[in-house]
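Peer 1: Input file: protein.txt. Contents: compact mmCIF, C-alpha atoms.
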# COMPACT_ATOMS: atom_id res chain seq x y z
CA MET X 1 93.09 99.32 128.12
CA SER X 2 95.04 102.49 127.58
CA ASP X 3 94.03 105.65 125.78
CA LEU X 4 96.74 104.91 123.20
CA PHE X 5 95.08 101.57 122.42
CA TRP X 6 91.72 103.22 121.72
CA SER X 7 93.30 106.11 119.83
CA LEU X 8 95.25 103.76 117.57
CA SER X 9 92.18 101.58 117.08
CA LEU X 10 90.17 104.61 115.96
CA ILE X 11 92.99 105.78 113.66
CA TYR X 12 93.29 102.32 112.07
CA PHE X 13 89.50 102.12 111.67
CA LEU X 14 89.34 105.53 109.96
CA HIS X 15 92.29 104.66 107.73
CA LEU X 16 90.78 101.33 106.66
CA THR X 17 87.35 102.87 106.11
CA ALA X 18 88.80 105.64 103.94
CA THR X 19 90.80 103.04 101.98
CA VAL X 20 87.75 100.86 101.34
CA VAL X 21 85.51 103.78 100.35
CA TRP X 22 88.05 105.46 98.09
CA ILE X 23 89.51 102.42 96.36
CA GLY X 24 86.09 100.76 96.20
CA GLY X 25 84.70 103.88 94.54
CA LEU X 26 87.58 103.96 92.06
CA THR X 27 87.14 100.27 91.27
CA ILE X 28 83.41 100.51 90.66
CA SER X 29 83.85 103.73 88.64
CA ALA X 30 86.75 102.54 86.49
CA LEU X 31 85.63 99.00 85.79
CA LEU X 32 81.84 99.04 85.89
CA LEU X 33 79.92 102.28 86.24
CA LEU X 34 81.55 104.67 83.77
CA PRO X 35 82.23 102.17 80.95
CA THR X 36 78.66 100.84 81.19
CA ALA X 37 77.12 104.31 81.32
CA GLN X 38 79.23 105.47 78.38
CA ARG X 39 78.10 102.51 76.25
CA THR X 40 74.40 102.67 77.15
CA LEU X 41 73.49 106.33 77.65
CA GLU X 42 72.99 108.97 75.00
CA PRO X 43 75.83 111.55 75.10
CA SER X 44 73.67 114.31 76.61
CA VAL X 45 72.30 111.96 79.30
CA TYR X 46 75.82 110.64 79.95
CA ALA X 47 77.07 114.21 80.47
CA VAL X 48 74.33 114.89 83.05
CA PHE X 49 74.99 111.53 84.73
CA LEU X 50 78.74 112.25 84.97
CA ASP X 51 78.16 115.71 86.39
CA ARG X 52 75.83 114.41 89.09
CA PHE X 53 78.09 111.45 89.85
CA ARG X 54 81.15 113.72 90.19
CA ARG X 55 79.32 116.15 92.46
CA ARG X 56 78.58 113.31 94.86
CA PHE X 57 81.77 111.26 94.55
CA ASN X 58 84.46 113.98 94.47
CA PRO X 59 83.84 115.37 97.98
CA ILE X 60 83.84 111.82 99.36
CA ALA X 61 87.04 110.96 97.47
CA TRP X 62 88.84 114.10 98.69
CA LEU X 63 87.67 113.50 102.27
CA CYS X 64 89.08 109.97 102.00
CA LEU X 65 92.41 111.28 100.68
CA ILE X 66 92.69 113.78 103.52
CA THR X 67 91.74 111.08 106.05
CA LEU X 68 94.31 108.69 104.57
CA LEU X 69 97.02 111.32 104.75
CA GLY X 70 96.34 112.27 108.37
CA THR X 71 95.76 108.79 109.72
CA GLY X 72 98.61 107.31 107.68
CA LEU X 73 101.13 109.83 108.98
CA PHE X 74 99.97 109.17 112.54
CA GLN X 75 100.27 105.39 112.08
CA MET X 76 103.73 105.79 110.62
CA SER X 77 104.89 108.00 113.47
CA VAL X 78 103.95 105.43 116.12
CA SER X 79 105.39 102.46 114.24
CA PRO X 80 108.47 100.88 115.85
CA GLN X 81 109.89 100.57 112.30
CA TYR X 82 109.82 104.34 111.80
CA GLU X 83 113.31 105.83 112.32
CA GLY X 84 112.71 109.41 111.17
CA PHE X 85 111.78 111.54 108.18
CA LEU X 86 113.39 110.16 105.02
CA VAL X 87 115.43 107.64 107.02
CA ILE X 88 115.24 104.59 104.80
CA HIS X 89 117.26 101.80 106.39
CA ASN X 90 114.94 98.80 106.47
CA PRO X 91 112.50 97.00 104.14
CA TRP X 92 109.53 98.59 105.94
CA SER X 93 110.79 102.14 105.35
CA VAL X 94 111.54 101.37 101.68
CA ALA X 95 108.00 100.06 101.16
CA ILE X 96 106.47 103.02 103.01
CA PHE X 97 108.58 105.52 101.03
CA ILE X 98 107.54 104.01 97.69
CA LYS X 99 103.94 103.79 98.92
CA HIS X 100 104.00 107.52 99.65
CA LEU X 101 105.35 108.21 96.15
CA PHE X 102 102.41 106.30 94.67
CA PHE X 103 100.02 108.09 97.02
CA GLY X 104 101.43 111.39 95.76
CA LEU X 105 100.86 110.29 92.16
CA MET X 106 97.30 109.31 93.04
CA THR X 107 96.71 112.70 94.61
CA ALA X 108 98.14 114.42 91.53
CA ALA X 109 95.91 112.35 89.23
CA SER X 110 92.88 113.21 91.37
CA ALA X 111 93.78 116.89 91.28
CA TRP X 112 94.17 116.77 87.48
CA LEU X 113 90.73 115.16 87.17
CA THR X 114 89.08 117.57 89.61
CA TRP X 115 90.61 120.84 88.45
CA GLY X 116 91.83 120.02 84.94
CA ILE X 117 89.39 117.72 83.15
CA PHE X 118 86.10 118.16 85.05
CA PRO X 119 85.80 121.95 84.50
CA HIS X 120 86.18 121.42 80.74
CA LEU X 121 83.57 118.68 80.76
CA ASN X 122 81.18 120.89 82.73
CA ARG X 123 81.69 123.71 80.21
CA LEU X 124 81.02 121.32 77.32
CA ALA X 125 77.87 120.01 79.01
CA TRP X 126 76.67 123.60 79.40
CA LEU X 127 77.37 124.29 75.70
CA ARG X 128 75.48 121.15 74.74
CA ALA X 129 72.54 122.24 76.90
CA GLN X 130 72.54 125.54 74.96
CA GLY X 131 72.19 123.58 71.72
CA GLN X 132 75.82 123.83 70.66
CA THR X 133 77.78 120.72 69.85
CA ALA X 134 81.18 120.11 71.28
CA GLU X 135 83.22 117.46 69.50
CA GLU X 136 86.00 117.60 72.05
CA SER X 137 83.75 116.12 74.74
CA LEU X 138 84.30 112.53 73.61
CA GLY X 139 88.07 112.92 73.99
CA LEU X 140 87.66 114.45 77.44
CA TYR X 141 85.36 111.63 78.56
CA ARG X 142 87.96 109.12 77.40
CA SER X 143 90.66 111.10 79.21
CA GLU X 144 88.58 111.11 82.38
CA LEU X 145 88.13 107.35 82.25
CA PHE X 146 91.85 106.90 81.52
CA TRP X 147 92.88 108.96 84.56
CA ILE X 148 90.37 107.21 86.80
CA ARG X 149 91.86 103.91 85.70
CA VAL X 150 95.40 105.22 86.27
CA ASN X 151 94.33 106.23 89.77
CA TRP X 152 92.84 102.78 90.33
CA VAL X 153 96.05 101.01 89.23
CA LEU X 154 98.10 103.31 91.48
CA SER X 155 95.77 102.43 94.36
CA LEU X 156 96.51 98.74 93.81
CA PHE X 157 100.24 99.49 94.08
CA VAL X 158 99.58 101.38 97.33
CA LEU X 159 97.76 98.33 98.70
CA LEU X 160 100.58 96.04 97.57
CA LEU X 161 103.17 98.25 99.24
CA THR X 162 101.08 98.33 102.41
CA ALA X 163 101.11 94.53 102.45
CA ILE X 164 104.87 94.49 101.88
CA ALA X 165 105.41 96.99 104.70
CA ARG X 166 103.23 94.93 107.02
CA VAL X 167 105.20 91.75 106.29
CA ALA X 168 108.51 93.63 106.62
CA ALA X 169 107.38 94.86 110.04
CA GLY X 170 106.80 91.31 111.16
CA GLY X 171 103.11 90.83 110.53
Could you spell out this file's structure in structure tokens?
Peer 2:
Amino acid sequence: MSDLFWSLSLIYFLHLTATVVWIGGLTISALLLLPTAQRTLEPSVYAVFLDRFRRRFNPIAWLCLITLLGTGLFQMSVSPQYEGFLVIHNPWSVAIFIKHLFFGLMTAASAWLTWGIFPHLNRLAWLRAQGQTAEESLGLYRSELFWIRVNWVLSLFVLLLTAIARVAAGG
């Protein structure tokens, strides 16, 4: 078997692994973990839980996004359906183009969570640890869960568009 066969196999494996880890993490977070923790933990314990969860999950999520970007671009470039940058002449290229738009929205939502909402939540957790109350924390926690769910729904559209592109390419 050729080097290209093994290279493509490795690229597909990395792409699928990153997809499973990232979307699986979003699914568990959005539908099970965060809603359950929010309903069962005291606010101060929930704040500590979220901080520790984010510190572990965020680097993994960003590594998955970077892996998806690199491996996805490589897969696209070797596809016989690919006709060039922004050349959209067949059902495969339409699906891939829309998929990339959704991927961009997912990346933007992740960036907003990481650099917009999380720093505020960390500051509020610090204030709470100092004995000060912060009423805005409940709204931020709801916003965080909302954006995680938005990201999860976008990920489902990315998977749907991947399936459409695969069928359009002939299997």
Peer 1: I'd like the interatomic distance between CA of Asp3 in chain X and CA of Leu63 in chain X, to a tenth of an Å.
Peer 2: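 Separating CA of Asp3 in chain X from CA of Leu63 in chain X is a distance of 25.6 Å.
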Peer 1: Measuring atom to atom with all atoms listed in the file, identify which of X:Ser110, X:Gln38, X:Leu50, X:Ser7 is nearest to Ser155 in chain X.
Peer 2: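 Ranked by minimum distance to Ser155 in chain X, first place goes to X:Ser110.
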Peer 1: Hey, can you pull every residue with an atom no more than 12 Å from (97.3, 106.1, 120.0), using all atoms listed in the file, and send it as a ChimeraX atom specification?
Peer 2: /X:1-12,71,74-79
Peer 1: Would you pick out the contacts of range 28-35 of chain X at 7 Å or less, using all atoms listed in the file, so that residues sharing its chain but fewer than 4 positions from it are not included, and give the list as number ranges by chain?
Peer 2: X: 24, 39, 145, 148-149
Peer 1: Generate the output file for the selected residues, C-alpha atoms, as an mmCIF file, keeping the file's coordinate frame.
Peer 2:
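Here's the written file out14.cif:
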data_model
loop_
_atom_site.group_PDB
_atom_site.id
_atom_site.type_symbol
_atom_site.label_atom_id
_atom_site.label_comp_id
_atom_site.auth_asym_id
_atom_site.auth_seq_id
_atom_site.Cartn_x
_atom_site.Cartn_y
_atom_site.Cartn_z
ATOM 1 C CA GLY X 24 86.090 100.760 96.200
ATOM 2 C CA ARG X 39 78.100 102.510 76.250
ATOM 3 C CA LEU X 145 88.130 107.350 82.250
ATOM 4 C CA ILE X 148 90.370 107.210 86.800
ATOM 5 C CA ARG X 149 91.860 103.910 85.700
#
Peer 1: One decimal, in Å: what's the spacing between CA of Val94 in chain X and CA of Ala111 in chain X?
Peer 2: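 It comes out at 25.8 Å.
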Peer 1: At a cut-off of 12 Å, using all atoms listed in the file, what residues contact Arg55 in chain X? Leave out same-chain residues fewer than 6 positions from it and give the result as a PyMOL selection string.
Peer 2: chain X and resi 48-49+61-62+114+118-119+122
Peer 1: Please save C-alpha atoms of the selected residues as a PDB file, in the frame of the given file.
Peer 2:
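What follows is the written file out-v5.pdb:
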ATOM      1  CA  VAL X  48      74.330 114.890  83.050  1.00  0.00           C
ATOM      2  CA  PHE X  49      74.990 111.530  84.730  1.00  0.00           C
ATOM      3  CA  ALA X  61      87.040 110.960  97.470  1.00  0.00           C
ATOM      4  CA  TRP X  62      88.840 114.100  98.690  1.00  0.00           C
ATOM      5  CA  THR X 114      89.080 117.570  89.610  1.00  0.00           C
ATOM      6  CA  PHE X 118      86.100 118.160  85.050  1.00  0.00           C
ATOM      7  CA  PRO X 119      85.800 121.950  84.500  1.00  0.00           C
ATOM      8  CA  ASN X 122      81.180 120.890  82.730  1.00  0.00           C
TER       9      ASN X 122
END
Peer 1: Near Met106 in chain X, counting only C-alpha atoms, which residues have an atom at most 10 Å away, once you skip same-chain residues fewer than 3 positions from it, shown as a PyMOL selection string?
Peer 2: chain X and resi 65+100-103+109-112+147-148+150-155+158
Peer 1: Of the candidates X:Phe146, X:Trp92, X:Phe97, X:Phe157, which shows the shortest atom-to-atom distance to Ile117 in chain X, using only C-alpha atoms?
Peer 2: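 Looking at the shortest contact to Ile117 in chain X, the residue is X:Phe146.
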Peer 1: What lies within 9 Å of Ala165 in chain X using only C-alpha atoms, ignoring chain neighbours under 3 positions off, as a list in words?
Peer 2: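 Listed by chain and then number, they are Pro91, Trp92, Ser93, Val94, Ala95, Ile96, Leu160, Leu161, Thr162, Ala168, Ala169, Gly170 and Gly171 of chain X.
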Peer 1: Can you work out which one of X:Leu41, X:Ile98, X:Ala18, X:Leu113 has the shortest atom-to-atom distance to Ile66 in chain X, counting only C-alpha atoms?
Peer 2: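 Result for the nearest residue to Ile66 in chain X: X:Ala18.
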Peer 1: In Å, how far is it from CA of Leu140 in chain X to CA of Leu156 in chain X?
Peer 2: 24.4 Å
Peer 1: Which one is closest to Leu69 in chain X: X:His120, X:Glu83, X:Leu16, X:Ile88? Count all atoms listed in the file.
Peer 2: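 Closest to Leu69 in chain X of all the choices is X:Leu16.
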Peer 1: Looking at all atoms listed in the file, which of X:Arg123, X:Lys99, X:Arg142, X:His15 is the one that sits closest to Gly70 in chain X?
Peer 2: X:His15
Peer 1: In terms of the shortest atom-to-atom distance over all atoms listed in the file, which of X:Gly25, X:Gly116, X:Pro80, X:Pro43 is closest to Arg56 in chain X?
Peer 2: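 When distances to Arg56 in chain X are compared using all atoms listed in the file, the smallest one comes from X:Gly25.
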